[in-house]
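Next up, query_10.cif (mmCIF, C-alpha atoms):
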```
data_my_file
#
loop_
_atom_site.label_atom_id
_atom_site.label_comp_id
_atom_site.auth_asym_id
_atom_site.auth_seq_id
_atom_site.Cartn_x
_atom_site.Cartn_y
_atom_site.Cartn_z
CA MET A 246 -2.74 3.60 41.50
CA ALA A 247 -0.63 2.29 44.30
CA ARG A 248 -2.33 0.17 46.90
CA GLN A 249 -1.51 1.73 50.24
CA LYS A 250 -1.06 0.19 53.67
CA ARG A 251 -3.93 1.37 55.79
CA PRO A 252 -2.82 3.69 58.63
CA SER A 253 -3.84 3.15 62.23
CA SER A 254 -7.10 4.46 63.66
CA LYS A 255 -5.54 7.90 64.00
CA GLY A 256 -4.97 7.98 60.26
CA PHE A 257 -1.22 7.51 60.73
CA LYS A 258 1.28 4.88 61.72
CA THR A 259 1.44 4.08 65.42
CA GLY A 260 4.25 5.82 67.28
CA ARG A 261 4.47 8.79 64.94
CA PRO A 262 3.04 12.25 65.57
CA LYS A 263 -0.46 12.99 64.38
CA PRO A 264 -0.23 14.28 60.79
CA GLN A 265 -0.88 17.89 59.93
CA THR A 266 -4.14 18.69 58.20
CA ILE A 267 -3.72 21.10 55.31
CA SER A 268 -6.96 23.03 55.68
CA ASN A 269 -5.95 26.40 54.24
CA PRO A 270 -3.32 25.56 51.63
CA TRP A 271 -2.58 29.15 50.69
CA SER A 272 -1.43 29.98 54.21
CA ILE A 273 1.29 27.38 54.83
CA GLY A 274 3.89 28.60 52.35
CA ASP A 275 5.95 26.52 49.95
CA PRO A 276 4.94 24.52 47.95
CA TRP A 277 1.57 26.26 47.98
CA SER A 278 2.43 29.94 47.96
CA GLY A 279 2.05 32.20 44.94
CA GLY A 280 2.15 31.26 41.29
CA GLU A 281 -0.15 30.91 38.33
CA SER A 282 -1.83 27.76 39.68
CA ASP A 283 -2.99 29.54 42.83
CA ARG A 284 -4.42 32.41 40.79
CA LEU A 285 -6.23 29.92 38.56
CA ILE A 286 -7.81 28.13 41.51
CA HIS A 287 -8.85 31.37 43.18
CA GLY A 288 -10.35 32.46 39.88
CA LEU A 289 -12.28 29.22 39.43
CA ARG A 290 -13.72 29.57 42.92
CA GLN A 291 -15.15 32.94 41.94
CA VAL A 292 -17.10 31.76 38.88
CA SER A 293 -20.22 29.63 38.62
CA TYR A 294 -20.29 25.85 38.74
CA LYS A 295 -21.29 25.75 35.07
CA GLU A 296 -18.35 27.93 34.07
CA ARG A 297 -15.98 25.69 36.01
CA ARG A 298 -17.38 22.63 34.23
CA GLU A 299 -16.88 24.26 30.85
CA PHE A 300 -13.31 25.31 31.64
CA LEU A 301 -12.28 21.86 32.89
CA ALA A 302 -13.79 20.19 29.84
CA SER A 303 -11.86 22.56 27.55
CA LYS A 304 -8.61 21.55 29.29
CA SER A 305 -9.33 17.79 29.01
CA TYR A 306 -9.56 17.22 32.76
CA PRO A 307 -11.87 14.39 33.84
CA ARG A 308 -15.14 15.48 35.38
CA TYR A 309 -14.84 12.95 38.21
CA LEU A 310 -12.02 11.34 40.15
CA TYR A 311 -12.57 7.98 41.86
CA LYS A 312 -11.10 6.38 44.94
CA PHE A 313 -11.81 2.73 45.77
CA LYS A 314 -11.87 1.56 49.39
CA ALA A 315 -12.44 -1.56 51.45
CA ILE A 316 -14.97 -1.41 54.29
CA PRO A 317 -13.36 -2.65 57.52
CA ASP A 318 -15.44 -4.18 60.32
CA LYS A 319 -14.15 -1.97 63.14
CA ASP A 320 -11.49 0.61 62.34
CA LEU A 321 -13.43 3.02 60.15
CA ALA A 322 -10.98 5.92 60.41
CA HIS A 323 -10.05 5.77 56.72
CA LEU A 324 -13.70 6.08 55.68
CA GLU A 325 -14.51 8.67 58.34
CA ASP A 326 -11.63 10.83 57.14
CA ILE A 327 -13.34 11.21 53.78
CA LEU A 328 -17.03 11.01 54.67
CA ILE A 329 -17.13 12.97 57.92
CA HIS A 330 -13.89 14.96 58.22
CA SER A 331 -13.65 15.85 54.50
CA ARG A 332 -9.96 15.16 54.20
CA LEU A 333 -7.71 12.91 52.12
CA TYR A 334 -4.54 11.23 53.34
CA LEU A 335 -1.30 11.94 51.46
CA SER A 336 0.71 8.73 51.55
CA SER A 337 4.45 8.32 51.18
CA PRO A 338 5.59 6.23 48.21
CA ARG A 339 7.12 3.92 50.82
CA GLN A 340 3.56 2.73 51.50
CA PHE A 341 2.88 1.76 47.88
CA ASN A 342 2.51 -1.86 46.82
CA ASP A 343 4.59 -1.24 43.68
CA PRO A 344 8.30 -0.75 44.50
CA PHE A 345 8.90 0.39 40.92
CA ASP A 346 6.49 3.31 41.24
CA MET A 347 8.09 6.78 41.13
CA ALA A 348 11.45 5.32 40.09
CA ALA A 349 13.91 7.09 37.81
CA ASP A 350 17.13 6.54 35.90
CA ILE A 351 19.45 9.04 37.57
CA VAL A 352 22.31 10.09 35.33
CA ALA A 353 24.96 12.79 35.38
CA THR A 354 25.39 13.80 31.77
CA GLY A 355 27.62 16.82 31.42
CA THR A 356 31.05 18.27 32.00
CA LEU A 357 33.08 19.44 34.98
CA ASP A 358 31.86 22.97 34.23
CA ASP A 359 28.26 21.72 34.51
CA LEU A 360 29.10 20.20 37.89
CA HIS A 361 30.63 23.48 39.08
CA ALA A 362 27.50 25.30 37.90
CA LYS A 363 25.37 22.76 39.80
CA ILE A 364 27.30 23.55 42.98
CA ASP A 365 26.94 27.30 42.38
CA ARG A 366 23.16 26.95 41.93
CA SER A 367 22.68 24.97 45.14
CA ALA A 368 20.77 27.02 47.68
CA ALA A 369 21.48 24.37 50.32
CA VAL A 370 25.25 25.01 50.20
CA PRO A 371 26.55 28.19 51.92
CA ASN A 372 28.58 30.42 49.61
CA VAL A 373 31.64 30.09 51.86
CA ASP A 374 31.68 26.32 51.19
CA LYS A 375 31.17 26.39 47.44
CA GLU A 376 34.78 27.05 46.47
CA ARG A 377 35.93 24.11 48.60
CA MET A 378 33.28 21.90 46.99
CA ARG A 379 34.35 22.94 43.49
CA ILE A 380 37.96 21.99 44.26
CA GLU A 381 36.86 18.66 45.70
CA ALA A 382 34.64 18.00 42.69
CA THR A 383 37.51 18.72 40.30
CA GLU A 384 39.76 16.18 42.05
CA ILE A 385 37.09 13.45 42.11
CA VAL A 386 36.07 13.95 38.48
CA LYS A 387 39.70 13.81 37.30
CA SER A 388 40.22 10.43 39.00
CA GLN A 389 36.75 8.84 38.89
CA GLY A 390 34.70 10.78 36.38
CA ILE A 391 31.33 12.46 36.79
CA GLN A 392 29.63 9.14 37.59
CA GLY A 393 32.14 8.53 40.37
CA TYR A 394 31.23 11.87 41.93
CA LEU A 395 27.54 10.96 41.68
CA GLU A 396 28.04 7.63 43.43
CA ARG A 397 30.41 9.02 46.06
CA HIS A 398 27.82 11.55 47.15
CA GLN A 399 25.08 8.89 47.17
CA THR A 400 22.89 10.99 44.90
CA PRO A 401 20.51 8.09 44.07
CA MET A 402 19.87 7.56 47.79
CA HIS A 403 19.16 11.27 48.34
CA PHE A 404 16.86 11.22 45.31
CA ARG A 405 14.90 8.31 46.78
CA LYS A 406 14.56 10.08 50.13
CA LEU A 407 13.24 13.15 48.31
CA LEU A 408 10.63 11.07 46.53
CA ASP A 409 9.65 9.20 49.69
CA SER A 410 8.94 12.50 51.43
CA SER A 411 6.36 13.38 48.76
CA GLY A 412 2.70 13.11 49.74
CA VAL A 413 0.55 11.35 47.16
CA ILE A 414 -3.21 10.90 46.73
CA SER A 415 -4.06 8.45 43.95
CA PHE A 416 -7.29 8.60 41.96
CA SER A 417 -8.72 6.65 39.07
CA SER A 418 -10.62 8.31 36.23
CA SER A 419 -13.23 7.37 33.68
CA ARG A 420 -12.56 7.78 29.97
CA ALA A 421 -15.51 8.46 27.70
CA LYS A 422 -14.16 6.21 24.95
CA GLU A 423 -13.47 3.28 27.29
CA LYS A 424 -16.53 1.40 28.40
CA GLY A 425 -14.88 -0.34 31.34
CA SER A 426 -13.03 2.52 33.03
CA GLY A 427 -13.56 4.37 36.31
CA PRO A 428 -16.18 2.71 38.55
CA ARG A 429 -16.95 0.24 35.75
CA ASN A 430 -13.41 -1.13 35.85
CA ILE A 431 -13.53 -4.73 37.06
CA LEU A 432 -9.83 -4.83 37.99
CA MET A 433 -10.02 -1.66 40.07
CA TRP A 434 -12.78 -3.15 42.17
CA SER A 435 -10.87 -6.42 42.48
CA HIS A 436 -7.57 -4.81 43.49
CA TYR A 437 -8.66 -1.81 45.56
CA GLY A 438 -12.35 -2.32 46.40
CA ASP A 439 -11.96 -5.51 48.45
CA SER A 440 -12.89 -7.80 45.55
CA HIS A 441 -16.07 -5.81 44.80
CA ARG A 442 -17.15 -5.93 48.47
CA GLY A 443 -16.11 -2.33 49.16
CA LEU A 444 -17.08 1.06 47.80
CA CYS A 445 -15.90 3.76 45.45
CA PHE A 446 -15.90 7.48 46.29
CA GLN A 447 -16.61 9.90 43.47
CA PHE A 448 -15.12 13.41 43.63
CA GLU A 449 -16.12 16.21 41.26
CA ILE A 450 -13.28 18.59 40.41
CA ALA A 451 -15.62 21.45 39.50
CA ARG A 452 -16.85 21.47 43.11
CA GLU A 453 -13.31 21.60 44.51
CA PRO A 454 -10.80 23.37 42.21
CA LEU A 455 -8.14 22.86 44.89
CA LEU A 456 -7.66 19.35 43.49
CA LEU A 457 -6.14 20.94 40.40
CA ARG A 458 -3.33 22.50 42.43
CA GLU A 459 -0.95 19.55 42.13
CA LEU A 460 -2.95 17.11 39.97
CA VAL A 461 -0.96 15.24 37.32
CA LEU A 462 -1.86 12.53 34.84
CA VAL A 463 0.18 9.35 35.23
CA LYS A 464 2.03 8.17 32.12
CA TYR A 465 2.76 4.52 31.46
CA GLN A 466 6.01 3.54 29.75
CA PRO A 467 8.46 0.60 29.79
CA ARG A 468 11.56 2.60 30.80
CA TYR A 469 12.20 4.73 33.86
CA PRO A 470 12.15 8.47 33.13
CA GLU A 471 15.67 9.85 32.89
CA VAL A 472 16.69 12.47 35.43
CA ASN A 473 19.93 14.30 34.71
CA TRP A 474 21.33 15.46 38.02
CA LEU A 475 23.56 18.05 36.30
CA SER A 476 20.79 19.64 34.25
CA PRO A 477 19.41 23.09 35.17
CA LEU A 478 16.02 21.41 34.56
CA PHE A 479 16.68 18.80 37.25
CA GLY A 480 13.71 20.00 39.32
CA ASP A 481 11.29 19.66 36.39
CA GLN A 482 12.67 16.23 35.54
CA LEU A 483 12.29 15.20 39.17
CA GLU A 484 8.62 16.15 39.15
CA GLY A 485 8.20 14.14 35.96
CA ALA A 486 9.44 11.05 37.76
CA LEU A 487 6.51 11.39 40.18
CA CYS A 488 3.98 10.53 37.48
CA HIS A 489 5.43 7.55 35.59
CA LYS A 490 4.58 3.87 36.03
CA ALA A 491 5.02 0.58 34.22
CA PRO A 492 2.58 -0.12 31.33
CA CYS A 493 0.97 -3.02 33.22
CA TRP A 494 -0.80 -0.45 35.42
CA ASN A 495 -2.44 1.47 32.58
CA TYR A 496 -5.89 0.04 33.35
CA GLU A 497 -6.00 2.39 36.37
CA HIS A 498 -6.20 5.59 34.28
CA GLU A 499 -4.57 7.25 37.25
CA TRP A 500 -4.37 10.89 38.19
CA ARG A 501 -2.38 11.71 41.28
CA PHE A 502 -2.19 14.69 43.57
CA VAL A 503 1.45 15.15 44.62
CA LEU A 504 2.94 17.50 47.20
CA ARG A 505 6.68 17.33 47.74
CA GLU A 506 7.76 17.07 51.38
CA CYS A 507 4.16 16.55 52.54
CA ALA A 508 4.04 12.77 53.09
CA ASN A 509 1.78 11.59 55.92
CA THR A 510 -0.40 14.70 56.02
CA TYR A 511 -4.04 15.34 55.26
CA LEU A 512 -5.55 17.54 52.57
CA SER A 513 -8.91 19.07 53.49
CA PHE A 514 -11.46 19.47 50.70
CA ARG A 515 -14.86 21.08 50.36
CA PRO A 516 -17.50 18.54 51.52
CA GLN A 517 -19.56 19.05 48.36
CA ALA A 518 -16.66 17.69 46.29
CA LEU A 519 -17.67 14.20 47.43
CA SER A 520 -20.53 13.91 44.98
CA ALA A 521 -21.36 10.19 45.09
CA ILE A 522 -20.66 6.81 46.65
CA ILE A 523 -20.83 3.63 44.58
CA LEU A 524 -21.39 0.37 46.43
CA GLY A 525 -19.60 -2.73 45.12
CA CYS A 526 -21.60 -5.46 43.45
CA GLU A 527 -20.60 -8.00 46.13
CA ILE A 528 -21.12 -5.76 49.16
CA SER A 529 -22.80 -7.54 52.07
CA ALA A 530 -25.86 -6.19 53.86
CA ARG A 531 -23.74 -5.70 56.99
CA LYS A 532 -21.06 -3.69 55.16
CA GLU A 533 -23.71 -1.59 53.42
CA GLN A 534 -25.24 -0.83 56.81
CA ILE A 535 -21.83 0.38 58.04
CA VAL A 536 -21.64 2.79 55.11
CA ARG A 537 -25.16 4.08 55.65
CA ARG A 538 -24.47 4.71 59.35
CA LEU A 539 -21.42 6.77 58.37
CA ILE A 540 -23.55 8.71 55.92
CA ASP A 541 -26.06 9.41 58.70
CA LYS A 542 -23.18 10.77 60.85
CA ARG A 543 -22.18 12.96 57.91
CA LEU A 544 -25.72 14.33 57.54
CA ASN A 545 -26.00 14.95 61.28
CA LYS A 546 -22.91 17.11 60.96
CA GLY A 547 -24.75 19.25 58.42
CA LEU A 548 -22.71 18.12 55.42
CA PRO A 549 -24.28 17.63 51.97
CA ALA A 550 -25.59 14.17 51.12
CA PRO A 551 -23.69 12.31 48.39
CA ARG A 552 -25.72 10.38 45.84
CA ILE A 553 -25.71 6.62 46.38
CA PHE A 554 -25.18 4.28 43.42
CA ARG A 555 -24.86 0.53 43.22
CA ALA A 556 -22.61 -1.55 40.98
CA SER A 557 -24.02 -4.78 39.57
CA ARG A 558 -22.84 -7.51 37.24
CA SER A 559 -24.07 -7.61 33.68
CA GLN A 560 -26.03 -10.75 32.84
CA SER A 561 -24.65 -11.00 29.30
CA GLU A 562 -21.04 -9.75 29.30
CA TYR A 563 -17.98 -9.07 31.45
CA ALA A 564 -19.18 -5.63 32.49
CA ILE A 565 -20.36 -3.60 35.48
CA ARG A 566 -23.61 -1.66 35.51
CA ILE A 567 -24.05 1.43 37.70
CA THR A 568 -27.57 2.30 38.88
CA ARG A 569 -29.24 4.46 41.54
#
```
Output the file's structure in the form of structure tokens.
Amino acid sequence: MARQKRPSSKGFKTGRPKPQTISNPWSIGDPWSGGESDRLIHGLRQVSYKERREFLASKSYPRYLYKFKAIPDKDLAHLEDILIHSRLYLSSPRQFNDPFDMAADIVATGTLDDLHAKIDRSAAVPNVDKERMRIEATEIVKSQGIQGYLERHQTPMHFRKLLDSSGVISFSSSRAKEKGSGPRNILMWSHYGDSHRGLCFQFEIAREPLLLRELVLVKYQPRYPEVNWLSPLFGDQLEGALCHKAPCWNYEHEWRFVLRECANTYLSFRPQALSAIILGCEISARKEQIVRRLIDKRLNKGLPAPRIFRASRSQSEYAIRITR
């Protein structure tokens, strides 16, 4: 899970326009419109909570998703976004602390015919220009090869811009077979929960099926995923690059919600999806009071009360206990 630079008090970097809030995701068009995923989510919203739980378990989705946060002294916008406004910020990969995240090995494996077909498939190129581009491509490939064409058109740079425009929400998850995962993960608290002085939000997918819309499990591997620019499956390979990280991050058990071309926006969620708050084992009385005041503001707004848990250190082993 990438550590993100905290936006300004408006939830966005100073000097930029206020980000759009995606409150009704089926009304704003691509990438949300139509498709099997939308029908699935609409269907899940029509059945009971128990039926949703059973379906998610059958598909190996985690029951809960976790997001660790520090508790600032003054600028509480990041916490208010989640607790009071019921929205999550979609960061750009440019804000991640890991420059290797969402990287890819971009290749151009194929023939001149494959390159011509790539040009023909491009919806961004007007038909009147395609013949000229095919002639140009033929000349470049004959003198410099396919790779020369790739570099001349700065395809890696365009690929990076495409990734950087993606909006990402990172979550951790808890694995039943791993004792120290999720909110019991010592490293997650150290790296993202202000050295155990912060808090951890718990979201329940069954209470907000919308989270399934673009939710992917991160895979950890030593090599960048290969993306063949000439392949008809380029789009699928591109999406695969969004969910790969180096093996050293595998302790995060990360799931991420990714929307292409939606960086620096908000995703609204049903308030009941925030099912619990876990206080860090080193949280101060002052920081805890800040959290409880925010919860009071949430309740005064008529929103459901999340359960409050507390993390504590085990007295006999390197482990975290979670209690009410």
Explicit residues for the PyMOL selection byres ((chain A and resi 395) around 12) (as a PDB file with C-alpha atoms, in the frame of the given file):
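So result25.pdb came out as:
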```pdb
ATOM      1  CA  ILE A 351      19.450   9.040  37.570  1.00  0.00           C
ATOM      2  CA  VAL A 352      22.310  10.090  35.330  1.00  0.00           C
ATOM      3  CA  ALA A 353      24.960  12.790  35.380  1.00  0.00           C
ATOM      4  CA  THR A 354      25.390  13.800  31.770  1.00  0.00           C
ATOM      5  CA  GLY A 355      27.620  16.820  31.420  1.00  0.00           C
ATOM      6  CA  LEU A 360      29.100  20.200  37.890  1.00  0.00           C
ATOM      7  CA  ALA A 382      34.640  18.000  42.690  1.00  0.00           C
ATOM      8  CA  ILE A 385      37.090  13.450  42.110  1.00  0.00           C
ATOM      9  CA  VAL A 386      36.070  13.950  38.480  1.00  0.00           C
ATOM     10  CA  GLN A 389      36.750   8.840  38.890  1.00  0.00           C
ATOM     11  CA  GLY A 390      34.700  10.780  36.380  1.00  0.00           C
ATOM     12  CA  ILE A 391      31.330  12.460  36.790  1.00  0.00           C
ATOM     13  CA  GLN A 392      29.630   9.140  37.590  1.00  0.00           C
ATOM     14  CA  GLY A 393      32.140   8.530  40.370  1.00  0.00           C
ATOM     15  CA  TYR A 394      31.230  11.870  41.930  1.00  0.00           C
ATOM     16  CA  GLU A 396      28.040   7.630  43.430  1.00  0.00           C
ATOM     17  CA  ARG A 397      30.410   9.020  46.060  1.00  0.00           C
ATOM     18  CA  HIS A 398      27.820  11.550  47.150  1.00  0.00           C
ATOM     19  CA  GLN A 399      25.080   8.890  47.170  1.00  0.00           C
ATOM     20  CA  THR A 400      22.890  10.990  44.900  1.00  0.00           C
ATOM     21  CA  PRO A 401      20.510   8.090  44.070  1.00  0.00           C
ATOM     22  CA  MET A 402      19.870   7.560  47.790  1.00  0.00           C
ATOM     23  CA  HIS A 403      19.160  11.270  48.340  1.00  0.00           C
ATOM     24  CA  PHE A 404      16.860  11.220  45.310  1.00  0.00           C
ATOM     25  CA  ASN A 473      19.930  14.300  34.710  1.00  0.00           C
ATOM     26  CA  TRP A 474      21.330  15.460  38.020  1.00  0.00           C
ATOM     27  CA  LEU A 475      23.560  18.050  36.300  1.00  0.00           C
TER      28      LEU A 475
END
```
Worksheet entry | Who sits within 12 Å of Ala550 of chain A, all atoms listed in the file, same chain under 6 positions skipped, as a count of residues only | 16
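One finds atom CA of Arg566 of chain A at 13.7 Å from atom CA of Cys445 of chain A.
Residues matched by the PyMOL selection byres ((chain A and resi 552-554) around 6) in this file: Ala521, Ile522, Ile523, Pro551, Arg555, Thr568 and Arg569 of chain A.
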Output the selection as a PDB file, in the coordinates of the input - C-alpha atoms for each residue.
```pdb
ATOM      1  CA  ALA A 521     -21.360  10.190  45.090  1.00  0.00           C
ATOM      2  CA  ILE A 522     -20.660   6.810  46.650  1.00  0.00           C
ATOM      3  CA  ILE A 523     -20.830   3.630  44.580  1.00  0.00           C
ATOM      4  CA  PRO A 551     -23.690  12.310  48.390  1.00  0.00           C
ATOM      5  CA  ARG A 555     -24.860   0.530  43.220  1.00  0.00           C
ATOM      6  CA  THR A 568     -27.570   2.300  38.880  1.00  0.00           C
ATOM      7  CA  ARG A 569     -29.240   4.460  41.540  1.00  0.00           C
TER       8      ARG A 569
END
```
Report the closest atom pair, with its distance in Å rounded to one decimal, for each residue of segment 287-393 of chain A that has an atom no farther than 12 Å from segment 420-442 of chain A; count all atoms listed in the file, sort by chain and then rising residue number, and write it as a Markdown table.
```
| residue | atom | partner | partner_atom | distance |
| --- | --- | --- | --- | --- |
| A:Ser305 | CA | A:Arg420 | CA | 10.6 |
| A:Tyr306 | CA | A:Arg420 | CA | 10.3 |
| A:Pro307 | CA | A:Arg420 | CA | 7.7 |
| A:Arg308 | CA | A:Arg420 | CA | 9.8 |
| A:Tyr309 | CA | A:Gly427 | CA | 8.9 |
| A:Leu310 | CA | A:Gly427 | CA | 8.1 |
| A:Tyr311 | CA | A:Gly427 | CA | 6.7 |
| A:Lys312 | CA | A:Tyr437 | CA | 8.6 |
| A:Phe313 | CA | A:Gly438 | CA | 5.1 |
| A:Lys314 | CA | A:Gly438 | CA | 4.9 |
| A:Ala315 | CA | A:Asp439 | CA | 5.0 |
| A:Ile316 | CA | A:Arg442 | CA | 7.7 |
| A:Pro317 | CA | A:Asp439 | CA | 9.6 |
| A:Asn342 | CA | A:His436 | CA | 11.0 |
```
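With all atoms listed in the file as the atoms that count, the residue of A:Leu455, A:Ala556, A:Ser513, A:Glu497 with the shortest distance to Gly525 of chain A is A:Ala556.
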Worksheet entry | Given the PyMOL selection byres ((chain A and resi 298) around 12), the residues it picks as a list in words | Leu289, Arg290, Val292, Ser293, Tyr294, Lys295, Glu296, Arg297, Glu299, Phe300, Leu301, Ala302, Ser303, Lys304, Ser305, Tyr306, Pro307, Arg308, Tyr309, Glu449, Ile450, Ala451, Arg452, Glu453 and Pro454 of chain A
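Residue nearest Phe341 of chain A, chosen from A:Val536, A:Leu460, A:Val413, A:Leu478 and counting all atoms listed in the file: A:Val413.
Here atom CA of Gln340 of chain A is placed at a distance of 9.1 Å from atom CA of Asp409 of chain A.
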Discussion item. Show me, as a count of residues only, the residues that have an atom within 9 Å of Arg458 of chain A when counting all atoms listed in the file, minus same-chain residues fewer than 6 positions from it.
Written reply: 6
Fill in: Neighbour residues at most 8 Å from (9.6, 15.5, 50.0) (only C-alpha atoms) as a VMD selection string
chain A and resid 406 to 412 504 to 508
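With atom CA of Arg379 of chain A on one side and atom CA of Ala349 of chain A on the other, the separation reads 26.5 Å.
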